[in-house]
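Next up, upload_5.txt (compact mmCIF, C-alpha atoms):
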```txt
# COMPACT_ATOMS: atom_id res chain seq x y z
CA MET A 1 29.45 -127.13 147.57
CA THR A 2 31.27 -128.66 150.54
CA GLU A 3 34.21 -131.05 150.16
CA SER A 4 34.09 -132.15 146.56
CA GLY A 5 36.91 -129.84 145.54
CA GLU A 6 37.02 -126.64 143.52
CA LEU A 7 37.97 -128.50 140.35
CA GLN A 8 34.89 -130.69 140.32
CA SER A 9 31.78 -129.66 138.44
CA GLN A 10 28.82 -127.93 139.95
CA GLY A 11 27.01 -128.81 136.79
CA ALA A 12 28.10 -130.49 133.58
CA VAL A 13 31.08 -128.29 132.68
CA LEU A 14 34.40 -128.41 134.48
CA PRO A 15 36.03 -125.03 135.04
CA PHE A 16 39.51 -125.85 133.75
CA HIS A 17 41.09 -127.59 130.81
CA ALA A 18 44.63 -127.10 129.56
CA SER A 19 44.89 -129.15 126.40
CA GLU A 20 46.10 -127.97 123.02
CA SER A 21 42.59 -127.28 121.80
CA ASP A 22 41.64 -125.46 125.02
CA GLU A 23 38.20 -127.01 124.74
CA ARG A 24 36.34 -127.80 127.91
CA LEU A 25 35.44 -131.37 128.62
CA LYS A 26 31.84 -131.76 129.69
CA PHE A 27 29.99 -134.37 131.72
CA SER A 28 26.39 -135.26 130.94
CA GLY A 29 23.49 -136.33 133.13
CA ASN A 30 22.02 -134.77 136.23
CA ASN A 31 23.77 -134.33 139.55
CA ASP A 32 21.06 -135.75 141.81
CA PHE A 33 23.33 -138.53 143.03
CA HIS A 34 26.19 -136.15 143.79
CA ILE A 35 23.94 -133.69 145.60
CA GLU A 36 22.39 -136.40 147.76
CA LEU A 37 25.77 -137.96 148.49
CA ARG A 38 27.21 -134.62 149.64
CA ARG A 39 24.15 -134.08 151.83
CA ARG A 40 24.58 -137.47 153.49
CA ILE A 41 28.30 -136.91 154.05
CA ASP A 42 27.62 -133.50 155.59
CA GLU A 43 25.00 -135.07 157.84
CA PHE A 44 27.44 -137.82 158.83
CA PHE A 45 30.05 -135.34 160.06
CA GLU A 46 27.45 -133.24 161.87
CA ARG A 47 25.98 -136.32 163.57
CA THR A 48 29.26 -137.93 164.58
CA GLY A 49 31.22 -134.79 165.41
CA ARG A 50 34.23 -136.11 163.50
CA ARG A 51 36.76 -133.63 162.12
CA ARG A 52 37.17 -133.47 158.36
CA ARG A 53 40.75 -132.23 158.73
CA ASP A 54 43.26 -131.53 161.51
CA CYS A 55 42.67 -135.03 162.87
CA PRO A 56 44.90 -135.92 165.86
CA GLN A 57 45.61 -139.40 164.50
CA MET A 58 46.96 -137.81 161.31
CA TYR A 59 49.48 -135.73 163.25
CA LEU A 60 50.57 -138.81 165.20
CA LYS A 61 50.98 -140.79 161.98
CA THR A 62 53.05 -137.96 160.50
CA ALA A 63 55.45 -138.07 163.42
CA ILE A 64 55.79 -141.85 163.21
CA LEU A 65 56.50 -141.85 159.47
CA LEU A 66 59.01 -139.00 159.61
CA VAL A 67 60.87 -140.55 162.54
CA CYS A 68 60.91 -143.95 160.82
CA SER A 69 62.23 -142.43 157.60
CA ALA A 70 64.91 -140.37 159.37
CA ALA A 71 66.01 -143.33 161.50
CA SER A 72 66.26 -145.57 158.43
CA TYR A 73 68.34 -142.97 156.61
CA ILE A 74 70.71 -142.39 159.53
CA ALA A 75 71.19 -146.11 160.11
CA LEU A 76 71.76 -146.76 156.41
CA VAL A 77 74.22 -143.95 155.74
CA PHE A 78 76.10 -143.68 159.04
CA LEU A 79 75.77 -147.01 160.87
CA ALA A 80 75.46 -149.89 158.41
CA THR A 81 78.79 -151.60 157.75
CA ALA A 82 77.71 -154.66 155.71
CA TRP A 83 75.39 -155.31 152.82
CA TRP A 84 73.12 -157.54 154.91
CA GLN A 85 72.55 -154.56 157.20
CA ALA A 86 72.19 -152.02 154.42
CA ALA A 87 69.81 -154.03 152.23
CA PRO A 88 66.85 -154.24 154.66
CA LEU A 89 67.42 -150.63 155.71
CA THR A 90 67.26 -149.57 152.06
CA VAL A 91 63.98 -151.44 151.55
CA LEU A 92 62.59 -149.94 154.76
CA LEU A 93 63.62 -146.45 153.67
CA GLY A 94 61.96 -146.95 150.28
CA LEU A 95 58.73 -148.10 151.92
CA ALA A 96 58.82 -145.29 154.48
CA THR A 97 59.34 -142.77 151.68
CA ALA A 98 56.35 -144.19 149.82
CA SER A 99 54.25 -143.95 152.98
CA ILE A 100 55.22 -140.30 153.38
CA GLY A 101 53.90 -139.75 149.87
CA PHE A 102 50.71 -141.76 150.42
CA ASN A 103 49.90 -140.11 153.73
CA ILE A 104 51.51 -136.75 154.50
CA GLN A 105 52.15 -135.35 151.04
CA HIS A 106 48.96 -136.67 149.49
CA ASP A 107 46.66 -135.20 152.12
CA GLY A 108 48.61 -131.94 152.16
CA GLY A 109 48.55 -131.66 148.37
CA HIS A 110 44.77 -132.11 148.34
CA HIS A 111 44.26 -129.60 151.21
CA ALA A 112 42.91 -132.50 153.26
CA TYR A 113 45.53 -132.41 156.01
CA SER A 114 44.49 -129.19 157.74
CA ASP A 115 42.09 -126.27 157.63
CA TYR A 116 45.15 -124.02 157.51
CA ALA A 117 46.81 -123.44 154.14
CA PRO A 118 50.40 -123.15 155.49
CA VAL A 119 50.08 -126.55 157.20
CA ASN A 120 48.83 -128.13 153.97
CA LYS A 121 51.70 -126.52 152.07
CA LEU A 122 54.29 -127.89 154.48
CA ALA A 123 52.75 -131.36 154.26
CA ALA A 124 52.69 -131.18 150.46
CA MET A 125 56.35 -130.12 150.40
CA THR A 126 57.42 -133.46 151.86
CA LEU A 127 57.25 -134.62 148.23
CA ASP A 128 60.12 -132.23 147.42
CA LEU A 129 62.03 -133.67 150.37
CA VAL A 130 61.87 -137.16 148.82
CA GLY A 131 62.77 -136.06 145.29
CA GLY A 132 59.50 -135.06 143.64
CA SER A 133 57.78 -131.71 143.15
CA CYS A 134 54.63 -130.63 144.95
CA TYR A 135 54.12 -127.94 142.30
CA LEU A 136 54.09 -130.39 139.38
CA TRP A 137 52.14 -132.98 141.41
CA ARG A 138 49.32 -130.49 141.84
CA TRP A 139 48.94 -130.21 138.07
CA LYS A 140 49.57 -133.80 137.08
CA HIS A 141 47.63 -135.53 139.82
CA GLY A 142 45.47 -132.96 141.58
CA ILE A 143 44.10 -131.45 138.38
CA PHE A 144 44.61 -133.65 135.33
CA HIS A 145 44.14 -137.03 136.96
CA HIS A 146 41.39 -136.12 139.41
CA THR A 147 39.40 -134.15 136.86
CA TYR A 148 39.79 -136.50 133.89
CA VAL A 149 40.35 -139.87 135.56
CA ASN A 150 40.79 -142.75 133.07
CA ILE A 151 40.02 -140.56 130.05
CA ASP A 152 42.67 -141.44 127.49
CA GLY A 153 44.66 -138.42 126.34
CA GLU A 154 43.54 -136.31 129.30
CA ASP A 155 44.62 -138.34 132.35
CA SER A 156 48.41 -138.44 132.10
CA ASP A 157 48.60 -141.05 134.86
CA ILE A 158 47.34 -143.77 132.48
CA THR A 159 49.84 -142.94 129.74
CA LEU A 160 53.12 -144.86 129.64
CA ARG A 161 53.82 -143.92 126.01
CA LEU A 162 55.24 -146.90 124.10
CA ILE A 163 56.16 -148.92 127.18
CA ALA A 164 52.70 -150.35 127.83
CA ARG A 165 49.09 -150.27 126.74
CA LEU A 166 46.81 -149.47 129.67
CA THR A 167 43.53 -148.56 127.95
CA PRO A 168 41.54 -149.97 125.03
CA HIS A 169 42.05 -146.68 123.18
CA GLN A 170 45.84 -146.77 123.09
CA ARG A 171 47.90 -148.20 120.25
CA ARG A 172 48.99 -151.80 120.71
CA LEU A 173 52.56 -152.77 119.83
CA TRP A 174 53.80 -156.33 119.38
CA PHE A 175 55.79 -156.47 122.63
CA HIS A 176 52.75 -155.48 124.70
CA ARG A 177 51.87 -159.17 124.46
CA TRP A 178 54.19 -159.69 127.43
CA GLN A 179 53.52 -156.48 129.37
CA GLN A 180 51.85 -158.35 132.24
CA PHE A 181 55.31 -159.77 132.96
CA TYR A 182 57.85 -157.09 132.10
CA LEU A 183 55.98 -154.03 133.36
CA TRP A 184 56.24 -154.73 137.10
CA PRO A 185 60.00 -154.11 137.46
CA LEU A 186 59.73 -151.15 135.07
CA TYR A 187 57.32 -149.53 137.51
CA GLY A 188 60.36 -149.14 139.71
CA LEU A 189 61.83 -146.62 137.28
CA LEU A 190 58.98 -144.16 137.92
CA ALA A 191 60.64 -142.50 140.90
CA MET A 192 64.04 -142.43 139.21
CA LYS A 193 62.41 -140.68 136.26
CA TRP A 194 61.03 -138.00 138.58
CA HIS A 195 64.39 -137.51 140.23
CA MET A 196 66.59 -137.35 137.15
CA VAL A 197 64.54 -136.34 134.11
CA GLY A 198 60.77 -135.90 134.30
CA ASP A 199 60.41 -132.99 136.68
CA PHE A 200 63.16 -130.95 135.01
CA ARG A 201 61.70 -131.66 131.55
CA ASP A 202 58.19 -130.64 132.63
CA VAL A 203 59.43 -127.38 134.14
CA ILE A 204 61.56 -126.51 131.10
CA THR A 205 58.90 -127.38 128.50
CA GLY A 206 55.90 -126.17 130.48
CA ARG A 207 54.03 -129.34 129.58
CA ILE A 208 52.74 -132.48 131.24
CA GLY A 209 51.71 -134.84 128.47
CA LYS A 210 49.41 -132.93 126.11
CA HIS A 211 48.60 -130.32 128.74
CA ARG A 212 50.25 -126.94 129.04
CA VAL A 213 51.18 -125.89 132.55
CA PRO A 214 52.62 -122.61 133.84
CA ARG A 215 56.27 -122.89 134.76
CA PRO A 216 56.94 -122.32 138.48
CA LYS A 217 57.93 -118.79 139.39
CA GLY A 218 58.89 -116.96 142.55
CA LEU A 219 58.46 -119.03 145.70
CA ASN A 220 57.31 -122.08 143.73
CA LEU A 221 60.52 -122.05 141.71
CA VAL A 222 62.61 -121.61 144.86
CA ILE A 223 60.85 -124.59 146.47
CA PHE A 224 61.39 -126.70 143.35
CA LEU A 225 65.12 -125.94 143.09
CA ALA A 226 65.77 -126.10 146.83
CA GLY A 227 63.91 -129.39 147.07
CA LYS A 228 65.98 -130.93 144.30
CA ALA A 229 69.21 -129.63 145.83
CA LEU A 230 68.32 -130.99 149.27
CA PHE A 231 67.29 -134.35 147.86
CA PHE A 232 70.49 -134.81 145.83
CA THR A 233 72.52 -133.75 148.86
CA LEU A 234 70.85 -136.34 151.09
CA VAL A 235 70.90 -139.14 148.53
CA PHE A 236 74.27 -138.62 146.85
CA VAL A 237 76.51 -135.92 148.33
CA ILE A 238 76.47 -136.99 152.00
CA PRO A 239 76.65 -140.76 151.29
CA LEU A 240 79.54 -140.24 148.86
CA LEU A 241 81.56 -138.67 151.66
CA LEU A 242 81.40 -141.99 153.49
CA HIS A 243 80.97 -144.73 150.87
CA PRO A 244 82.30 -145.67 147.40
CA VAL A 245 80.41 -144.52 144.34
CA TRP A 246 79.31 -148.04 143.38
CA VAL A 247 77.86 -148.63 146.85
CA VAL A 248 75.87 -145.38 146.81
CA ALA A 249 74.63 -146.01 143.26
CA SER A 250 73.66 -149.61 144.01
CA PHE A 251 71.65 -148.85 147.13
CA TYR A 252 70.04 -145.80 145.52
CA ALA A 253 68.87 -148.11 142.72
CA VAL A 254 67.42 -150.61 145.20
CA GLY A 255 65.66 -147.93 147.22
CA VAL A 256 64.23 -146.17 144.22
CA LEU A 257 62.97 -149.44 142.72
CA VAL A 258 61.12 -150.24 145.95
CA LEU A 259 59.66 -146.73 146.00
CA GLY A 260 58.62 -146.71 142.34
CA ILE A 261 57.04 -150.16 142.37
CA THR A 262 55.10 -149.39 145.56
CA LEU A 263 53.77 -146.06 144.25
CA SER A 264 52.85 -147.42 140.82
CA VAL A 265 51.16 -150.62 141.94
CA VAL A 266 48.93 -148.86 144.48
CA PHE A 267 47.74 -146.45 141.78
CA GLN A 268 47.23 -149.15 139.16
CA LEU A 269 45.06 -151.28 141.46
CA ALA A 270 42.60 -148.41 141.66
CA HIS A 271 42.25 -147.54 137.98
CA CYS A 272 43.90 -150.01 135.60
CA VAL A 273 41.93 -153.16 136.34
CA GLU A 274 39.25 -155.20 134.61
CA GLN A 275 36.31 -153.59 136.39
CA ALA A 276 37.24 -149.93 135.75
CA GLU A 277 35.73 -147.97 132.86
CA PHE A 278 37.78 -146.05 130.28
CA PRO A 279 35.22 -143.75 128.62
CA LEU A 280 35.87 -141.27 125.84
CA PRO A 281 33.93 -138.09 125.07
CA GLN A 282 31.30 -138.42 122.37
CA PRO A 283 32.91 -137.10 119.16
CA GLU A 284 29.83 -135.11 118.20
CA THR A 285 29.35 -133.32 121.52
CA GLY A 286 32.63 -133.62 123.40
CA ARG A 287 30.69 -134.93 126.40
CA ILE A 288 31.25 -137.85 128.73
CA ASP A 289 28.01 -139.80 129.04
CA ASN A 290 27.89 -139.80 132.86
CA SER A 291 27.81 -137.03 135.42
CA TRP A 292 31.11 -136.20 137.07
CA ALA A 293 30.49 -138.07 140.34
CA ILE A 294 29.28 -141.25 138.66
CA HIS A 295 32.23 -141.07 136.27
CA GLN A 296 34.59 -140.98 139.26
CA ILE A 297 33.02 -144.09 140.77
CA GLU A 298 32.85 -146.16 137.60
CA THR A 299 36.49 -145.46 136.71
CA THR A 300 37.76 -146.30 140.18
CA VAL A 301 37.99 -149.53 142.20
CA ASN A 302 38.61 -149.95 145.92
CA PHE A 303 40.65 -152.76 147.43
CA ALA A 304 41.30 -154.24 150.88
CA ARG A 305 38.77 -152.02 152.63
CA GLY A 306 38.78 -154.34 155.61
CA SER A 307 42.54 -154.15 156.20
CA ARG A 308 43.50 -151.62 158.86
CA ILE A 309 47.17 -152.18 158.09
CA ALA A 310 46.73 -151.38 154.38
CA THR A 311 44.60 -148.34 155.21
CA TRP A 312 47.21 -147.01 157.65
CA LEU A 313 50.23 -147.57 155.41
CA LEU A 314 48.59 -146.46 152.15
CA GLY A 315 47.00 -143.31 153.49
CA GLY A 316 43.52 -144.60 152.71
CA LEU A 317 44.32 -144.99 149.01
CA ASN A 318 42.68 -148.40 149.12
CA PHE A 319 39.50 -146.27 149.43
CA GLN A 320 40.06 -144.59 146.07
CA ILE A 321 36.35 -144.11 145.38
CA GLU A 322 35.92 -142.05 148.52
CA HIS A 323 39.14 -140.18 147.81
CA HIS A 324 38.07 -139.20 144.30
CA LEU A 325 34.68 -138.03 145.49
CA PHE A 326 35.96 -136.17 148.55
CA PRO A 327 39.67 -135.38 148.07
CA LYS A 328 39.60 -132.60 150.67
CA ILE A 329 38.55 -134.88 153.52
CA CYS A 330 41.42 -136.35 155.53
CA HIS A 331 41.95 -140.00 154.65
CA VAL A 332 41.55 -141.21 158.24
CA ASN A 333 37.79 -140.70 157.68
CA TYR A 334 37.56 -142.88 154.58
CA PRO A 335 36.67 -146.20 156.26
CA ALA A 336 33.74 -144.55 158.03
CA ILE A 337 32.39 -142.53 155.11
CA SER A 338 32.79 -145.46 152.71
CA LYS A 339 29.69 -147.00 154.26
CA VAL A 340 27.74 -143.84 153.43
CA VAL A 341 29.10 -143.78 149.88
CA GLU A 342 28.35 -147.46 149.31
CA SER A 343 24.77 -147.22 150.59
CA THR A 344 24.12 -144.11 148.47
CA CYS A 345 25.46 -145.91 145.40
CA ARG A 346 23.14 -148.80 146.15
CA ASP A 347 20.15 -146.47 146.47
CA PHE A 348 20.94 -144.85 143.11
CA THR A 349 21.94 -148.15 141.42
CA VAL A 350 25.49 -146.89 140.84
CA ASN A 351 28.09 -149.66 140.54
CA TYR A 352 30.37 -149.52 143.61
CA ILE A 353 33.28 -151.91 142.93
CA GLU A 354 35.91 -153.29 145.26
CA HIS A 355 38.43 -156.09 145.56
CA LYS A 356 38.34 -157.72 148.95
CA SER A 357 42.11 -157.91 149.26
CA PHE A 358 45.29 -156.28 148.01
CA TRP A 359 46.22 -159.43 146.12
CA GLY A 360 42.79 -159.52 144.52
CA GLY A 361 43.59 -156.11 143.07
CA VAL A 362 47.04 -157.28 141.94
CA GLY A 363 45.45 -160.19 140.11
CA ALA A 364 42.92 -157.89 138.44
CA HIS A 365 45.72 -155.59 137.25
CA PHE A 366 47.71 -158.55 135.90
CA ARG A 367 44.68 -159.80 133.95
CA TRP A 368 44.01 -156.30 132.61
CA LEU A 369 47.59 -155.95 131.37
CA ARG A 370 47.32 -159.35 129.70
CA GLN A 371 44.02 -158.43 128.08
CA MET A 372 45.32 -155.10 126.79
CA GLY A 373 48.37 -156.81 125.33
CA MET A 374 46.37 -159.25 123.22
CA PRO A 375 45.87 -158.47 119.49
CA GLU A 376 42.10 -158.60 119.79
CA ALA A 377 41.99 -156.52 122.99
CA SER A 378 39.13 -154.09 123.31
CA GLY A 379 38.21 -154.04 126.99
CA ARG A 380 35.48 -151.99 128.60
CA LYS A 381 34.74 -148.58 127.15
```
Would it be possible to restate this file's structure as structure tokens?
Amino acid sequence: MTESGELQSQGAVLPFHASESDERLKFSGNNDFHIELRRRIDEFFERTGRRRRDCPQMYLKTAILLVCSAASYIALVFLATAWWQAAPLTVLLGLATASIGFNIQHDGGHHAYSDYAPVNKLAAMTLDLVGGSCYLWRWKHGIFHHTYVNIDGEDSDITLRLIARLTPHQRRLWFHRWQQFYLWPLYGLLAMKWHMVGDFRDVITGRIGKHRVPRPKGLNLVIFLAGKALFFTLVFVIPLLLHPVWVVASFYAVGVLVLGITLSVVFQLAHCVEQAEFPLPQPETGRIDNSWAIHQIETTVNFARGSRIATWLLGGLNFQIEHHLFPKICHVNYPAISKVVESTCRDFTVNYIEHKSFWGGVGAHFRWLRQMGMPEASGRK
């Protein structure tokens, strides 16, 4: 096995499951498509001489994003003297923070940034710098989402509890009728939840959704606590030495709303849209009908593949199909390998789905929310 990731199946059974029942979720079907796709991707890198990781353009992008974020912070906290100066700087800082997550942290967390583990760890820890937790992210996103994508009850990323109905298998409440309107601003609360409540709750309870997770210990616990302390110092303690409480609170709220909406929308365009599948295991066998690789493709939708700007800013997350199949390949390679993935899908009659633009994906997510909020909603299974 090359770059498909240790958590993906070599056959039908995945090696890890942490639910209450401790039963292992299985995928059916043969792996001929996956084997041939890996062979073609290996051949592509051998033929082109491209690097899978430690790509020079990734290091340059890292420097640009960190400098942009630091400059925005310094200008906002120490130089801005009026709201019309602070407001655009706050938005810029929120977007720069999101880009750090999409690019540096995401590749580092997936071991796609470098061939060297310490470099990946440092890149992943940028999430702690901006208020999250690389330790919890590994479980929630790297394991539960990537292994069980769009499987209700297993993929915690598609569960918003009572706030919204994102899959045909979730309970519909009367106010979901308007979720296509009210949910967008609520997405902004995602980052605030991480900062103030969610991460601490998950560490204390040892749970993410229905899944048990080991509480961080040793160095992981030190990183978690130090990251939170540094974040609160940068966001609250230092600004409060220079500005009134209401000013700090107001601009924190604006920045965190920009961050949360950006992070949430980019994820939702890839998985919670009309064209994505939401399969459940067969009750008799506990198996998903497709093989793992085909399941990844049919539950994931690309968008704006032709936009270099979107690809640069979003860390290649507009190429979610390629990312889910090859999470340990640096995202700067996604535009090139997407052609290989698409042609292989065509040869094996696997449905490769994309929206041509970012706004096409936004429209698809809006329609999906509206459909899931209707009383008769069923959606695709």
**Atomic separation - CA of Ile100 in chain A relative to CA of Arg51 in chain A, Å** = 21.5 Å
Report as JSON lines: every residue of range 215-301 of chain A with an atom at most 10 Å from range 352-364 of chain A, its closest pair of atoms, and their distance in Å to one decimal, counting only C-alpha atoms, with rows sorted by chain and ascending residue number.
```
{"residue": "A:Val265", "atom": "CA", "partner": "A:Val362", "partner_atom": "CA", "distance": 7.8}
{"residue": "A:Val266", "atom": "CA", "partner": "A:Phe358", "partner_atom": "CA", "distance": 9.0}
{"residue": "A:Gln268", "atom": "CA", "partner": "A:Val362", "partner_atom": "CA", "distance": 8.6}
{"residue": "A:Leu269", "atom": "CA", "partner": "A:Gly361", "partner_atom": "CA", "distance": 5.3}
{"residue": "A:Ala270", "atom": "CA", "partner": "A:Gly361", "partner_atom": "CA", "distance": 7.9}
{"residue": "A:Cys272", "atom": "CA", "partner": "A:Ala364", "partner_atom": "CA", "distance": 8.4}
{"residue": "A:Val273", "atom": "CA", "partner": "A:Ala364", "partner_atom": "CA", "distance": 5.3}
{"residue": "A:Glu274", "atom": "CA", "partner": "A:Ala364", "partner_atom": "CA", "distance": 5.9}
{"residue": "A:Gln275", "atom": "CA", "partner": "A:Ile353", "partner_atom": "CA", "distance": 7.4}
{"residue": "A:Ala276", "atom": "CA", "partner": "A:Ile353", "partner_atom": "CA", "distance": 8.4}
{"residue": "A:Ile294", "atom": "CA", "partner": "A:Tyr352", "partner_atom": "CA", "distance": 9.7}
{"residue": "A:Ile297", "atom": "CA", "partner": "A:Tyr352", "partner_atom": "CA", "distance": 6.7}
{"residue": "A:Glu298", "atom": "CA", "partner": "A:Tyr352", "partner_atom": "CA", "distance": 7.3}
{"residue": "A:Thr299", "atom": "CA", "partner": "A:Ile353", "partner_atom": "CA", "distance": 9.5}
{"residue": "A:Thr300", "atom": "CA", "partner": "A:Ile353", "partner_atom": "CA", "distance": 7.7}
{"residue": "A:Val301", "atom": "CA", "partner": "A:Glu354", "partner_atom": "CA", "distance": 5.3}
```
Please save C-alpha atoms of the selected residues as a PDB file, keeping the file's coordinate frame.
```
ATOM      1  CA  VAL A 265      51.160-150.620 141.940  1.00  0.00           C
ATOM      2  CA  VAL A 266      48.930-148.860 144.480  1.00  0.00           C
ATOM      3  CA  GLN A 268      47.230-149.150 139.160  1.00  0.00           C
ATOM      4  CA  LEU A 269      45.060-151.280 141.460  1.00  0.00           C
ATOM      5  CA  ALA A 270      42.600-148.410 141.660  1.00  0.00           C
ATOM      6  CA  CYS A 272      43.900-150.010 135.600  1.00  0.00           C
ATOM      7  CA  VAL A 273      41.930-153.160 136.340  1.00  0.00           C
ATOM      8  CA  GLU A 274      39.250-155.200 134.610  1.00  0.00           C
ATOM      9  CA  GLN A 275      36.310-153.590 136.390  1.00  0.00           C
ATOM     10  CA  ALA A 276      37.240-149.930 135.750  1.00  0.00           C
ATOM     11  CA  ILE A 294      29.280-141.250 138.660  1.00  0.00           C
ATOM     12  CA  ILE A 297      33.020-144.090 140.770  1.00  0.00           C
ATOM     13  CA  GLU A 298      32.850-146.160 137.600  1.00  0.00           C
ATOM     14  CA  THR A 299      36.490-145.460 136.710  1.00  0.00           C
ATOM     15  CA  THR A 300      37.760-146.300 140.180  1.00  0.00           C
ATOM     16  CA  VAL A 301      37.990-149.530 142.200  1.00  0.00           C
TER      17      VAL A 301
END
```
**Pick from A:Trp368, A:Phe175, A:Phe181, A:Tyr113, whichever lies nearest to His271 in chain A using only C-alpha atoms** = A:Trp368
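For range 119-132 of chain A, the set of protein, DNA and RNA residues having any atom at most 6 Å away, when counting only C-alpha atoms and skipping those fewer than 2 positions along the same chain, is Ile104, Gln105, Gly108, Gly109, His111, Tyr113, Ser114, Tyr116, Ala117, Cys134, His195, Gly227 and Phe231 of chain A.
Once all atoms listed in the file are considered, the residues situated within 9 Å of the file point (77.3, -150.2, 149.7) turn out to be Ala80, Thr81, Ala82, Trp83, Ala86, Ala87, His243, Pro244, Val245, Trp246, Val247, Val248, Ala249, Ser250 and Phe251 of chain A.
Going from CA of Ser307 in chain A to CA of Tyr334 in chain A covers 12.4 Å.
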**Item:** Residue nearest Gln320 in chain A - candidates A:Val149, A:Cys55, A:Leu219, A:Ile158, atoms counted: all atoms listed in the file
**Value:**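 So, comparing all the options, the nearest one is A:Val149.
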For the interface of range 15-69 of chain A with range 281-292 of chain A (cut-off 6 Å, counting all atoms listed in the file), please tabulate each contacting residue of range 15-69 of chain A alongside its nearest pair of atoms and their separation in Å to one decimal, rows sorted by chain and increasing number, as a Markdown table.
```
| residue | atom | partner | partner_atom | distance |
| --- | --- | --- | --- | --- |
| A:Lys26 | CA | A:Arg287 | CA | 4.7 |
| A:Phe27 | CA | A:Ile288 | CA | 4.8 |
| A:Ser28 | CA | A:Ser291 | CA | 5.0 |
| A:Gly29 | CA | A:Ser291 | CA | 4.9 |
```
**Request:** Please provide as a ChimeraX atom specification all residues within 10 Å of Leu162 in chain A, with the sequence filter that same-chain residues fewer than 2 positions apart are discarded (counting all atoms listed in the file).
**Result:** /A:159-160,164-165,170-173,175-176
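Among A:Trp139, A:Phe267, A:Trp178, A:Tyr148, the residue with the shortest atom-to-atom distance to Val213 in chain A, counting all atoms listed in the file, is A:Trp139.
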